[in-house]
>>> print(open('input-v5.tsv').read())   # TSV, C-alpha atoms
chain	number	residue	atom	x	y	z
T	7	MET	CA	91.35	92.52	108.44
T	8	LEU	CA	90.53	90.97	105.06
T	9	THR	CA	91.14	87.21	104.87
T	10	VAL	CA	91.07	84.60	102.12
T	11	ASN	CA	88.58	81.84	101.35
T	12	GLY	CA	90.42	78.89	102.89
T	13	PRO	CA	88.22	76.09	101.51
T	14	ARG	CA	88.49	77.51	97.99
T	15	LEU	CA	92.29	77.62	98.24
T	16	TRP	CA	92.41	74.06	99.54
T	17	ASN	CA	90.13	72.87	96.75
T	18	SER	CA	92.41	74.52	94.17
T	19	LEU	CA	95.43	72.73	95.64
T	20	MET	CA	93.62	69.40	95.49
T	21	GLU	CA	92.47	70.03	91.90
T	22	MET	CA	96.03	70.85	90.83
T	23	ALA	CA	97.19	67.65	92.56
T	24	LYS	CA	95.09	65.68	90.05
T	25	VAL	CA	97.49	66.79	87.31
T	26	GLY	CA	100.39	64.35	87.18
T	27	PRO	CA	99.38	62.24	90.19
T	28	THR	CA	101.64	59.48	91.51
T	29	ALA	CA	100.58	56.14	92.97
T	30	ALA	CA	101.52	57.15	96.52
T	31	GLY	CA	99.52	60.39	96.52
T	32	GLY	CA	102.14	62.84	95.32
T	33	ASN	CA	102.82	64.52	92.01
T	34	CYS	CA	105.16	64.25	89.03
T	35	ARG	CA	105.13	67.34	86.84
T	36	LEU	CA	108.67	67.66	85.54
T	37	ALA	CA	109.47	71.05	84.07
T	38	LEU	CA	108.11	71.62	80.55
T	39	SER	CA	106.65	68.11	80.41
T	40	ALA	CA	103.11	67.38	79.23
T	41	GLU	CA	102.05	67.27	82.87
T	42	ASP	CA	103.67	70.62	83.63
T	43	PHE	CA	101.93	72.22	80.64
T	44	ALA	CA	98.63	70.70	81.80
T	45	GLY	CA	99.13	72.26	85.23
T	46	ARG	CA	99.97	75.60	83.62
T	47	ALA	CA	96.85	75.38	81.46
T	48	LEU	CA	94.66	74.76	84.52
T	49	PHE	CA	96.26	77.72	86.29
T	50	ALA	CA	95.76	79.90	83.19
T	51	ASP	CA	92.08	78.97	83.05
T	52	TRP	CA	91.62	79.93	86.70
T	53	CYS	CA	93.43	83.23	86.12
T	54	HIS	CA	91.22	84.09	83.17
T	55	GLN	CA	88.15	83.31	85.26
T	56	ALA	CA	89.52	85.74	87.87
T	57	GLY	CA	89.77	88.48	85.23
T	58	MET	CA	93.53	88.37	84.84
T	59	SER	CA	95.57	88.60	81.65
T	60	LEU	CA	98.35	86.08	81.07
T	61	ASP	CA	101.63	86.17	79.18
T	62	ALA	CA	105.06	84.51	79.24
T	63	ASP	CA	108.66	85.50	78.67
T	64	ALA	CA	111.41	83.94	76.59
T	65	ILE	CA	112.24	81.22	79.13
T	66	GLY	CA	108.58	80.31	79.66
T	67	ASN	CA	108.00	82.04	82.99
T	68	LEU	CA	104.26	82.76	83.23
T	69	PHE	CA	102.87	86.04	84.56
T	70	ALA	CA	99.18	86.53	85.33
T	71	ARG	CA	98.33	90.22	85.78
T	72	ARG	CA	95.56	92.03	87.64
T	73	ALA	CA	95.41	95.70	86.70
T	74	GLY	CA	95.85	98.40	89.32
T	75	ARG	CA	94.64	101.99	89.50
T	76	ASP	CA	98.01	103.24	88.28
T	77	PRO	CA	98.86	101.49	84.99
T	78	GLN	CA	102.38	102.96	85.07
T	79	ALA	CA	103.22	101.53	88.49
T	80	LYS	CA	105.56	98.57	88.81
T	81	PRO	CA	103.70	95.37	89.78
T	82	VAL	CA	103.73	93.71	93.17
T	83	VAL	CA	104.43	90.08	92.31
T	84	MET	CA	103.55	86.86	94.10
T	85	GLY	CA	104.42	83.37	92.96
T	86	SER	CA	106.54	80.25	92.97
T	87	HIS	CA	106.52	77.21	90.66
T	88	LEU	CA	104.28	74.37	89.44
T	89	ASP	CA	106.96	71.84	88.45
T	90	THR	CA	107.77	69.06	90.91
T	91	GLN	CA	110.33	66.42	91.72
T	92	PRO	CA	109.88	63.03	89.96
T	93	ALA	CA	108.14	61.77	93.10
T	94	GLY	CA	107.22	65.12	94.63
T	95	GLY	CA	104.41	66.48	96.74
T	96	ARG	CA	101.27	68.56	96.36
T	97	PHE	CA	102.48	71.75	98.04
T	98	ASP	CA	106.13	72.51	97.23
T	99	GLY	CA	105.96	75.54	94.94
T	100	ILE	CA	102.33	74.95	94.06
T	101	TYR	CA	101.22	76.56	97.32
T	102	GLY	CA	102.93	79.86	96.51
T	103	VAL	CA	101.29	80.07	93.08
T	104	LEU	CA	97.80	79.17	94.25
T	105	ALA	CA	98.03	81.30	97.40
T	106	GLY	CA	98.72	84.20	95.03
T	107	LEU	CA	95.67	83.27	92.98
T	108	GLU	CA	93.57	83.13	96.14
T	109	VAL	CA	94.77	86.62	97.08
T	110	VAL	CA	93.44	87.89	93.75
T	111	ARG	CA	90.17	85.99	94.10
T	112	SER	CA	89.67	87.37	97.60
T	113	LEU	CA	90.34	90.92	96.43
T	114	ASN	CA	87.78	90.37	93.67
T	115	ASP	CA	85.25	89.13	96.22
T	116	ALA	CA	85.79	92.21	98.38
T	117	GLY	CA	85.65	94.63	95.45
T	118	ILE	CA	89.13	95.97	96.18
T	119	THR	CA	91.31	97.50	93.50
T	120	THR	CA	94.98	97.97	94.37
T	121	ASP	CA	96.92	101.08	93.39
T	122	LYS	CA	99.76	99.01	91.90
T	123	PRO	CA	99.15	96.10	89.54
T	124	LEU	CA	99.42	92.60	90.94
T	125	GLU	CA	101.06	89.69	89.17
T	126	ILE	CA	101.41	85.98	89.87
T	127	ALA	CA	104.61	84.39	88.58
T	128	VAL	CA	105.07	80.73	87.67
T	129	TRP	CA	108.82	80.23	87.37
T	130	THR	CA	110.16	77.64	84.92
T	131	ASN	CA	112.15	74.62	86.14
T	132	GLU	CA	112.56	75.69	89.76
T	133	GLU	CA	113.19	72.14	90.94
T	134	GLY	CA	116.07	71.33	88.62
T	135	ALA	CA	114.79	67.76	88.45
T	136	ARG	CA	114.64	67.71	84.65
T	137	PHE	CA	117.03	70.50	83.64
T	138	THR	CA	119.94	71.98	85.56
T	139	PRO	CA	120.52	74.33	87.19
T	140	ALA	CA	117.58	74.54	89.55
T	141	MET	CA	115.72	77.88	89.66
T	142	LEU	CA	116.55	78.19	85.96
T	143	GLY	CA	113.62	80.40	84.96
T	144	SER	CA	114.12	82.97	87.70
T	145	ALA	CA	117.89	82.91	87.10
T	146	ALA	CA	117.37	83.73	83.43
T	147	PHE	CA	114.82	86.43	84.31
T	148	CYS	CA	117.18	88.10	86.78
T	149	GLY	CA	120.24	87.85	84.54
T	150	VAL	CA	122.04	85.38	86.79
T	151	LEU	CA	122.04	82.87	83.90
T	152	PRO	CA	122.34	83.98	80.25
T	153	LEU	CA	119.20	83.17	78.27
T	154	GLU	CA	121.14	81.27	75.63
T	155	GLU	CA	122.71	79.05	78.29
T	156	ALA	CA	119.35	78.43	79.94
T	157	LEU	CA	117.73	77.48	76.62
T	158	ALA	CA	120.61	75.14	75.79
T	159	ALA	CA	120.32	73.13	79.02
T	160	GLU	CA	119.45	69.50	78.28
T	161	ASP	CA	117.67	66.77	80.20
T	162	ALA	CA	118.89	63.18	80.54
T	163	GLN	CA	117.40	62.33	77.13
T	164	GLY	CA	119.23	65.16	75.39
T	165	ILE	CA	116.12	67.34	74.99
T	166	SER	CA	116.94	71.02	75.41
T	167	VAL	CA	114.89	73.61	77.22
T	168	ALA	CA	114.43	75.40	73.90
T	169	THR	CA	112.98	72.25	72.32
T	170	ALA	CA	110.73	71.47	75.29
T	171	LEU	CA	109.55	75.09	75.41
T	172	ALA	CA	108.73	75.36	71.70
T	173	GLY	CA	105.44	77.20	71.22
T	174	HIS	CA	105.16	78.20	74.87
T	175	ALA	CA	107.58	81.13	75.13
T	176	GLY	CA	106.14	84.64	75.22
T	177	ASN	CA	107.02	88.23	74.53
T	178	LEU	CA	107.41	89.72	78.00
T	179	PRO	CA	110.94	91.07	78.49
T	180	LEU	CA	113.31	89.41	80.92
T	181	GLY	CA	114.43	91.53	83.84
T	182	ARG	CA	111.55	94.00	83.77
T	183	ALA	CA	111.07	96.00	86.94
T	184	PHE	CA	109.00	94.75	89.89
T	185	ASP	CA	107.91	96.83	92.86
T	186	ALA	CA	108.32	93.82	95.16
T	187	TYR	CA	108.14	90.03	95.22
T	188	PHE	CA	106.43	87.87	97.87
T	189	GLU	CA	106.68	84.07	97.88
T	190	ALA	CA	104.62	81.84	100.17
T	191	HIS	CA	106.02	78.34	100.62
T	192	ILE	CA	105.94	75.30	102.86
T	193	GLU	CA	108.96	75.32	105.14
T	194	GLN	CA	110.28	71.94	103.87
T	195	GLY	CA	111.71	71.31	107.32
T	196	PRO	CA	110.49	70.59	110.88
T	197	ILE	CA	111.21	73.86	112.72
T	198	LEU	CA	107.76	75.49	112.61
T	199	GLU	CA	105.89	72.26	113.31
T	200	GLN	CA	108.09	71.44	116.30
T	201	ALA	CA	107.55	74.96	117.63
T	202	GLY	CA	103.78	74.66	117.14
T	203	LEU	CA	103.72	77.83	115.01
T	204	PRO	CA	101.73	78.33	111.79
T	205	ILE	CA	103.82	81.13	110.26
T	206	GLY	CA	107.49	81.72	109.61
T	207	VAL	CA	108.58	85.27	108.81
T	208	VAL	CA	111.48	84.56	106.47
T	209	THR	CA	114.35	86.98	106.92
T	210	GLY	CA	116.63	85.56	104.22
T	211	GLY	CA	118.26	82.52	102.69
T	212	GLN	CA	121.37	80.83	103.99
T	213	ALA	CA	124.66	80.56	102.16
T	214	ILE	CA	125.36	77.40	100.18
T	215	CYS	CA	128.73	76.03	99.06
T	216	TRP	CA	129.04	72.90	96.89
T	217	LEU	CA	132.37	71.10	96.61
T	218	ASP	CA	133.40	68.26	94.29
T	219	VAL	CA	136.02	65.94	95.79
T	220	ARG	CA	138.23	63.38	94.03
T	221	VAL	CA	140.33	61.05	96.22
T	222	ALA	CA	143.06	59.16	94.34
T	223	GLY	CA	144.96	56.16	95.65
T	224	SER	CA	146.03	52.94	93.89
T	225	PRO	CA	143.78	50.13	92.69
T	226	ALA	CA	145.09	46.71	93.68
T	227	HIS	CA	144.03	43.10	94.21
T	228	ALA	CA	141.83	42.59	97.26
T	229	GLY	CA	143.36	39.20	98.08
T	230	THR	CA	147.06	39.78	97.56
T	231	THR	CA	147.76	43.29	98.91
T	232	PRO	CA	148.55	43.52	102.64
T	233	MET	CA	146.51	46.11	104.50
T	234	HIS	CA	149.55	48.20	105.50
T	235	LEU	CA	150.61	48.55	101.87
T	236	ARG	CA	147.27	49.65	100.49
T	237	ARG	CA	146.36	53.11	99.23
T	238	ASP	CA	142.62	52.57	99.51
T	239	ALA	CA	140.66	55.58	98.28
T	240	LEU	CA	137.37	54.42	99.76
T	241	PHE	CA	138.65	53.89	103.31
T	242	ALA	CA	140.23	57.33	103.06
T	243	ALA	CA	136.97	58.84	101.83
T	244	SER	CA	135.13	57.14	104.69
T	245	SER	CA	137.44	58.78	107.21
T	246	MET	CA	137.01	62.11	105.47
T	247	ILE	CA	133.22	61.90	105.54
T	248	SER	CA	133.25	60.97	109.22
T	249	ARG	CA	135.40	64.03	109.99
T	250	LEU	CA	133.07	66.24	107.94
T	251	GLU	CA	130.23	65.23	110.25
T	252	GLN	CA	132.35	66.34	113.19
T	253	LEU	CA	133.03	69.62	111.38
T	254	ALA	CA	129.31	70.33	111.26
T	255	GLY	CA	129.23	70.03	115.04
T	256	GLU	CA	131.86	72.73	115.34
T	257	PHE	CA	129.47	75.16	113.62
T	258	SER	CA	126.34	74.05	115.47
T	259	PRO	CA	123.47	74.76	115.37
T	260	HIS	CA	123.43	76.57	112.02
T	261	GLY	CA	126.22	74.74	110.19
T	262	LEU	CA	125.03	71.92	107.93
T	263	VAL	CA	127.20	69.40	106.07
T	264	THR	CA	125.88	66.82	103.61
T	265	VAL	CA	127.62	64.26	101.43
T	266	GLY	CA	124.89	63.54	98.92
T	267	GLN	CA	126.71	61.65	96.17
T	268	LEU	CA	129.53	59.11	96.22
T	269	ALA	CA	130.94	57.17	93.26
T	270	ILE	CA	133.68	54.56	92.80
T	271	PRO	CA	134.77	54.70	89.16
T	272	GLY	CA	135.54	51.28	87.67
T	273	SER	CA	134.56	49.53	90.88
T	274	SER	CA	134.82	45.78	91.30
T	275	ARG	CA	134.05	43.48	94.21
T	276	ASN	CA	137.62	42.22	94.51
T	277	THR	CA	139.55	45.36	93.64
T	278	ILE	CA	140.78	47.94	96.14
T	279	PRO	CA	139.21	51.24	95.09
T	280	GLY	CA	141.77	53.50	93.47
T	281	GLN	CA	139.49	56.51	93.09
T	282	VAL	CA	136.45	57.88	94.88
T	283	HIS	CA	134.43	60.92	93.93
T	284	PHE	CA	132.00	62.55	96.34
T	285	THR	CA	130.15	65.82	96.80
T	286	ILE	CA	129.91	68.12	99.81
T	287	ASP	CA	127.05	70.53	100.49
T	288	LEU	CA	127.89	73.17	103.12
T	289	ARG	CA	125.26	75.58	104.46
T	290	HIS	CA	125.22	78.35	107.06
T	291	HIS	CA	123.30	81.56	107.73
T	292	GLN	CA	126.44	83.70	107.61
T	293	ASP	CA	128.93	84.13	104.78
T	294	ALA	CA	131.90	84.37	107.15
T	295	GLN	CA	130.95	81.11	108.80
T	296	ILE	CA	130.47	79.20	105.58
T	297	ALA	CA	133.85	80.45	104.42
T	298	ALA	CA	135.33	79.05	107.63
T	299	MET	CA	133.47	75.78	107.05
T	300	GLU	CA	134.88	75.48	103.53
T	301	GLN	CA	138.39	76.21	104.80
T	302	GLY	CA	137.94	73.63	107.54
T	303	ALA	CA	136.66	71.00	105.13
T	304	ARG	CA	139.60	71.52	102.77
T	305	ALA	CA	142.08	71.27	105.64
T	306	VAL	CA	140.52	68.08	107.00
T	307	LEU	CA	140.47	66.36	103.61
T	308	GLN	CA	144.07	67.30	102.81
T	309	GLU	CA	145.28	66.19	106.24
T	310	LEU	CA	143.69	62.75	105.94
T	311	ALA	CA	144.83	62.27	102.35
T	312	THR	CA	148.44	63.12	103.26
T	313	ALA	CA	148.39	60.79	106.26
T	314	ARG	CA	147.40	57.88	103.99
T	315	GLY	CA	149.71	58.74	101.12
T	316	LEU	CA	146.87	59.65	98.78
T	317	THR	CA	145.99	62.77	96.82
T	318	VAL	CA	142.80	64.75	97.02
T	319	ASP	CA	141.45	67.30	94.55
T	320	ILE	CA	138.77	69.71	95.80
T	321	GLN	CA	136.89	71.99	93.43
T	322	GLN	CA	134.17	74.49	94.32
T	323	HIS	CA	131.22	73.56	92.12
T	324	TRP	CA	128.84	76.37	93.14
T	325	PHE	CA	128.52	79.09	95.75
T	326	SER	CA	125.48	81.13	96.74
T	327	ALA	CA	126.02	83.86	99.29
T	328	ALA	CA	123.65	84.38	102.20
T	329	THR	CA	120.70	86.43	100.99
T	330	PRO	CA	119.05	88.93	103.35
T	331	PHE	CA	115.49	89.78	102.37
T	332	ASP	CA	114.16	93.33	102.14
T	333	ARG	CA	113.46	95.07	105.46
T	334	ASP	CA	110.28	96.77	104.26
T	335	CYS	CA	108.84	93.59	102.75
T	336	ILE	CA	109.63	91.69	105.95
T	337	GLY	CA	107.95	94.54	107.83
T	338	ALA	CA	104.81	94.18	105.74
T	339	VAL	CA	104.68	90.48	106.59
T	340	ARG	CA	105.26	91.22	110.29
T	341	GLN	CA	102.47	93.79	110.31
T	342	ALA	CA	100.08	91.41	108.59
T	343	VAL	CA	100.79	88.46	110.87
T	344	THR	CA	100.61	90.67	113.97
T	345	THR	CA	97.32	92.23	112.92
T	346	LEU	CA	95.90	88.78	112.24
T	347	GLY	CA	97.13	87.58	115.63
T	348	TYR	CA	98.77	84.45	114.23
T	349	PRO	CA	101.65	82.93	116.23
T	350	HIS	CA	104.91	83.18	114.33
T	351	GLN	CA	108.68	83.30	114.47
T	352	ASP	CA	111.55	84.54	112.34
T	353	ILE	CA	113.18	81.86	110.22
T	354	VAL	CA	115.94	81.61	107.62
T	355	SER	CA	115.29	79.58	104.50
T	356	GLY	CA	117.43	76.48	104.39
T	357	ALA	CA	116.47	75.60	100.81
T	358	GLY	CA	117.00	77.44	97.57
T	359	HIS	CA	113.97	79.28	96.16
T	360	ASP	CA	113.25	81.60	93.26
T	361	ALA	CA	113.02	84.35	95.88
T	362	ILE	CA	116.80	84.05	96.36
T	363	HIS	CA	117.34	85.23	92.78
T	364	LEU	CA	114.53	87.81	92.98
T	365	ALA	CA	116.09	89.36	96.10
T	366	ARG	CA	118.90	90.61	93.89
T	367	HIS	CA	116.38	92.10	91.46
T	368	CYS	CA	113.75	93.79	93.66
T	369	PRO	CA	112.58	94.03	97.30
T	370	THR	CA	111.70	90.45	98.25
T	371	THR	CA	110.64	88.24	101.11
T	372	MET	CA	108.97	84.90	101.83
T	373	ILE	CA	106.30	83.49	104.13
T	374	PHE	CA	106.64	79.93	105.44
T	375	ILE	CA	103.97	77.57	106.72
T	376	PRO	CA	104.67	74.18	108.34
T	377	CYS	CA	104.65	70.94	106.42
T	378	VAL	CA	103.66	67.75	108.22
T	379	GLY	CA	106.68	65.98	109.69
T	380	GLY	CA	108.96	68.46	107.95
T	381	ILE	CA	108.74	66.20	104.87
T	382	SER	CA	109.18	67.61	101.37
T	383	HIS	CA	110.46	66.40	97.97
T	384	ASN	CA	108.43	63.32	98.82
T	385	GLU	CA	105.03	61.93	97.84
T	386	ALA	CA	104.11	62.00	101.54
T	387	GLU	CA	104.52	65.80	101.64
T	388	ASP	CA	101.49	67.33	103.38
T	389	ALA	CA	100.20	70.51	104.99
T	390	LEU	CA	97.23	71.30	107.22
T	391	PRO	CA	94.30	73.27	105.77
T	392	ASP	CA	94.38	75.82	108.60
T	393	ASP	CA	98.09	76.50	108.05
T	394	VAL	CA	97.49	76.82	104.32
T	395	ARG	CA	94.74	79.36	104.97
T	396	MET	CA	96.71	81.37	107.53
T	397	GLY	CA	99.74	81.66	105.27
T	398	ALA	CA	97.56	83.00	102.47
T	399	ASP	CA	95.94	85.45	104.90
T	400	VAL	CA	99.39	86.82	105.74
T	401	LEU	CA	100.30	87.00	102.05
T	402	LEU	CA	97.10	88.93	101.35
T	403	GLY	CA	97.75	91.40	104.16
T	404	ALA	CA	101.37	92.00	103.19
T	405	VAL	CA	100.62	92.41	99.48
T	406	LEU	CA	97.68	94.70	100.12
T	407	GLN	CA	99.88	96.92	102.28
T	408	ARG	CA	102.58	97.06	99.60
T	409	ALA	CA	100.22	97.55	96.65
T	410	GLY	CA	97.73	99.89	98.33
T	411	GLY	CA	94.07	98.90	98.26
T	412	LEU	CA	90.80	100.77	97.92
T	413	LEU	CA	87.21	99.70	97.56
T	414	ALA	CA	86.18	99.82	93.94
T	415	ASP	CA	84.07	102.76	92.84
>>> encode(input="input-v5.tsv", output="structure tokens")
Amino acid sequence: MLTVNGPRLWNSLMEMAKVGPTAAGGNCRLALSAEDFAGRALFADWCHQAGMSLDADAIGNLFARRAGRDPQAKPVVMGSHLDTQPAGGRFDGIYGVLAGLEVVRSLNDAGITTDKPLEIAVWTNEEGARFTPAMLGSAAFCGVLPLEEALAAEDAQGISVATALAGHAGNLPLGRAFDAYFEAHIEQGPILEQAGLPIGVVTGGQAICWLDVRVAGSPAHAGTTPMHLRRDALFAASSMISRLEQLAGEFSPHGLVTVGQLAIPGSSRNTIPGQVHFTIDLRHHQDAQIAAMEQGARAVLQELATARGLTVDIQQHWFSAATPFDRDCIGAVRQAVTTLGYPHQDIVSGAGHDAIHLARHCPTTMIFIPCVGGISHNEAEDALPDDVRMGADVLLGAVLQRAGGLLAD
């Protein structure tokens, strides 16, 4: 079976890591920043060297295209993103883009022309570290987010996407048809590494529910208010958060609960907190279970607020249903990994990816490789060269099966 040039892929990853380096060995290429555009320019140069054409759409998503035998066929698309977290790593997103490039380079080396065209997508602002929401470019492409709303999104300095993108948008239409989409990615968690497996066959993405919680009591003097007369919003929130951890245990092993942000408006050292705001992130593989988790969380919070004589307001901030990936695309990945003889397991994506949006637009799946220590969104993020190579081998096999390949005349 045809395989990729592993050292060349690794070298490309290390060359891209020189764009926007951080002191601790990671990367900072915030979306549509000078560093992001420098990374895009390097990718564009490599694509041109590989004989590909390059264009962009109205939200700045890049598409490098390798012609197929049938110019009317819909393209088989690979890709991910080049933007990073402020102190991100060298592989998150970048691996999927450059693995796609290595697939094209390897096909060139072997003299293989596919029946369907191939494209490599670089999605704009996947991380959401500069502009919100995350996965903005793929959301606009798929119609999940109106283009005008995406362009109007602003960063912390008040710079809009439209302003940051000026001169870099293209003419490709949003929402054009794809034959299929394949995204290779580091797992961003410890499951594959702990299992000693190089490949995860991704069957879908889990459901995500975000809640915003406001607990309201009464601010009062810390030195003059007896404990039994207090309506302390922070102690109440502490009890709530502790119970939310117990709730996760009730939905083990797939239920996940995170309180990622907590704020005390108008806080003072010697004032009893009268209000506390916090966020809840609920995740589960099944929609029915995450619905039960949300119901359970609301019940727990209301119960504890009532017991303490406080009020609690709970608003759903965002919900993303569980996303099953396409059976045929998963089958192509299974066939490739089996033919290659690489150890593997099925896995559900715990993180959001552009593939989640694309799955509602065209047949889609993902391929995971381990990351060292399960660490991601961190300058210490790392992957092993052999895992990097094997994941790209699987991507090549799956894409070649989907696109149809023949030796060039």
>>> axis_aligned_box(input="input-v5.tsv", around="region 238-244 of chain T", padding_each_side="4 Å", output="AutoDock Vina command-line options")
--center_x 138.9 --center_y 55.7 --center_z 101.5 --size_x 15.5 --size_y 14.3 --size_z 14.4
>>> atom_distance(input="input-v5.tsv", atom1="CA of Val343 (chain T)", atom2="CA of His191 (chain T)")
15.3 Å
>>> closest_residue(input="input-v5.tsv", among="T:Ile65, T:Leu36, T:Leu316, T:Ala398", to="Gly181 (chain T)", atoms="all atoms listed in the file")
T:Ile65
>>> residues_around(input="input-v5.tsv", residues="Ile278 (chain T)", least_positions_apart="6", cutoff="12 Å", atoms="only C-alpha atoms", output="PyMOL selection string")
chain T and resi 222-233+235-242+270-272
>>> write_last_selection(input="input-v5.tsv", atoms="C-alpha atoms", output="short mmCIF file (atom, residue, chain, number, x, y, z; two decimals), in the frame of the given file")
data_model
loop_
_atom_site.label_atom_id
_atom_site.label_comp_id
_atom_site.auth_asym_id
_atom_site.auth_seq_id
_atom_site.Cartn_x
_atom_site.Cartn_y
_atom_site.Cartn_z
CA ALA T 222 143.06 59.16 94.34
CA GLY T 223 144.96 56.16 95.65
CA SER T 224 146.03 52.94 93.89
CA PRO T 225 143.78 50.13 92.69
CA ALA T 226 145.09 46.71 93.68
CA HIS T 227 144.03 43.10 94.21
CA ALA T 228 141.83 42.59 97.26
CA GLY T 229 143.36 39.20 98.08
CA THR T 230 147.06 39.78 97.56
CA THR T 231 147.76 43.29 98.91
CA PRO T 232 148.55 43.52 102.64
CA MET T 233 146.51 46.11 104.50
CA LEU T 235 150.61 48.55 101.87
CA ARG T 236 147.27 49.65 100.49
CA ARG T 237 146.36 53.11 99.23
CA ASP T 238 142.62 52.57 99.51
CA ALA T 239 140.66 55.58 98.28
CA LEU T 240 137.37 54.42 99.76
CA PHE T 241 138.65 53.89 103.31
CA ALA T 242 140.23 57.33 103.06
CA ILE T 270 133.68 54.56 92.80
CA PRO T 271 134.77 54.70 89.16
CA GLY T 272 135.54 51.28 87.67
#
>>> residues_around(input="input-v5.tsv", residues="Val128 (chain T)", least_positions_apart="5", cutoff="7 Å", atoms="all atoms listed in the file", output="VMD selection string")
chain T and resid 67 to 69 85 to 88 103
>>> decode(input="input-v5.tsv", residues="region 246-260 of chain T", atoms="N, CA and C atoms", output="mmCIF file, in the first residue's frame")
data_model
loop_
_atom_site.group_PDB
_atom_site.id
_atom_site.type_symbol
_atom_site.label_atom_id
_atom_site.label_comp_id
_atom_site.auth_asym_id
_atom_site.auth_seq_id
_atom_site.Cartn_x
_atom_site.Cartn_y
_atom_site.Cartn_z
ATOM 1 N N MET T 246 -22.708 24.192 45.041
ATOM 2 C CA MET T 246 -23.229 23.807 43.732
ATOM 3 C C MET T 246 -22.157 23.130 42.890
ATOM 4 N N ILE T 247 -20.981 23.706 42.870
ATOM 5 C CA ILE T 247 -19.896 23.164 42.040
ATOM 6 C C ILE T 247 -19.480 21.789 42.541
ATOM 7 N N SER T 248 -19.461 21.620 43.866
ATOM 8 C CA SER T 248 -19.128 20.310 44.424
ATOM 9 C C SER T 248 -20.155 19.266 44.000
ATOM 10 N N ARG T 249 -21.439 19.628 44.003
ATOM 11 C CA ARG T 249 -22.477 18.695 43.586
ATOM 12 C C ARG T 249 -22.401 18.402 42.084
ATOM 13 N N LEU T 250 -21.974 19.375 41.301
ATOM 14 C CA LEU T 250 -21.825 19.143 39.868
ATOM 15 C C LEU T 250 -20.753 18.092 39.601
ATOM 16 N N GLU T 251 -19.712 18.081 40.412
ATOM 17 C CA GLU T 251 -18.692 17.034 40.258
ATOM 18 C C GLU T 251 -19.287 15.666 40.548
ATOM 19 N N GLN T 252 -20.144 15.585 41.547
ATOM 20 C CA GLN T 252 -20.823 14.322 41.841
ATOM 21 C C GLN T 252 -21.734 13.923 40.679
ATOM 22 N N LEU T 253 -22.378 14.912 40.059
ATOM 23 C CA LEU T 253 -23.259 14.640 38.931
ATOM 24 C C LEU T 253 -22.497 13.954 37.799
ATOM 25 N N ALA T 254 -21.282 14.402 37.549
ATOM 26 C CA ALA T 254 -20.474 13.775 36.505
ATOM 27 C C ALA T 254 -20.291 12.292 36.788
ATOM 28 N N GLY T 255 -20.102 11.946 38.050
ATOM 29 C CA GLY T 255 -19.935 10.549 38.419
ATOM 30 C C GLY T 255 -21.146 9.703 38.123
ATOM 31 N N GLU T 256 -22.323 10.315 38.156
ATOM 32 C CA GLU T 256 -23.553 9.584 37.868
ATOM 33 C C GLU T 256 -23.672 9.220 36.392
ATOM 34 N N PHE T 257 -22.901 9.897 35.542
ATOM 35 C CA PHE T 257 -22.933 9.633 34.105
ATOM 36 C C PHE T 257 -21.586 9.084 33.618
ATOM 37 N N SER T 258 -20.839 8.507 34.537
ATOM 38 C CA SER T 258 -19.534 7.923 34.220
ATOM 39 C C SER T 258 -19.697 6.730 33.277
ATOM 40 N N PRO T 259 -18.739 6.481 32.377
ATOM 41 C CA PRO T 259 -17.471 7.200 32.218
ATOM 42 C C PRO T 259 -17.513 8.301 31.171
ATOM 43 N N HIS T 260 -18.651 8.464 30.466
ATOM 44 C CA HIS T 260 -18.665 9.379 29.337
ATOM 45 C C HIS T 260 -19.109 10.795 29.688
#
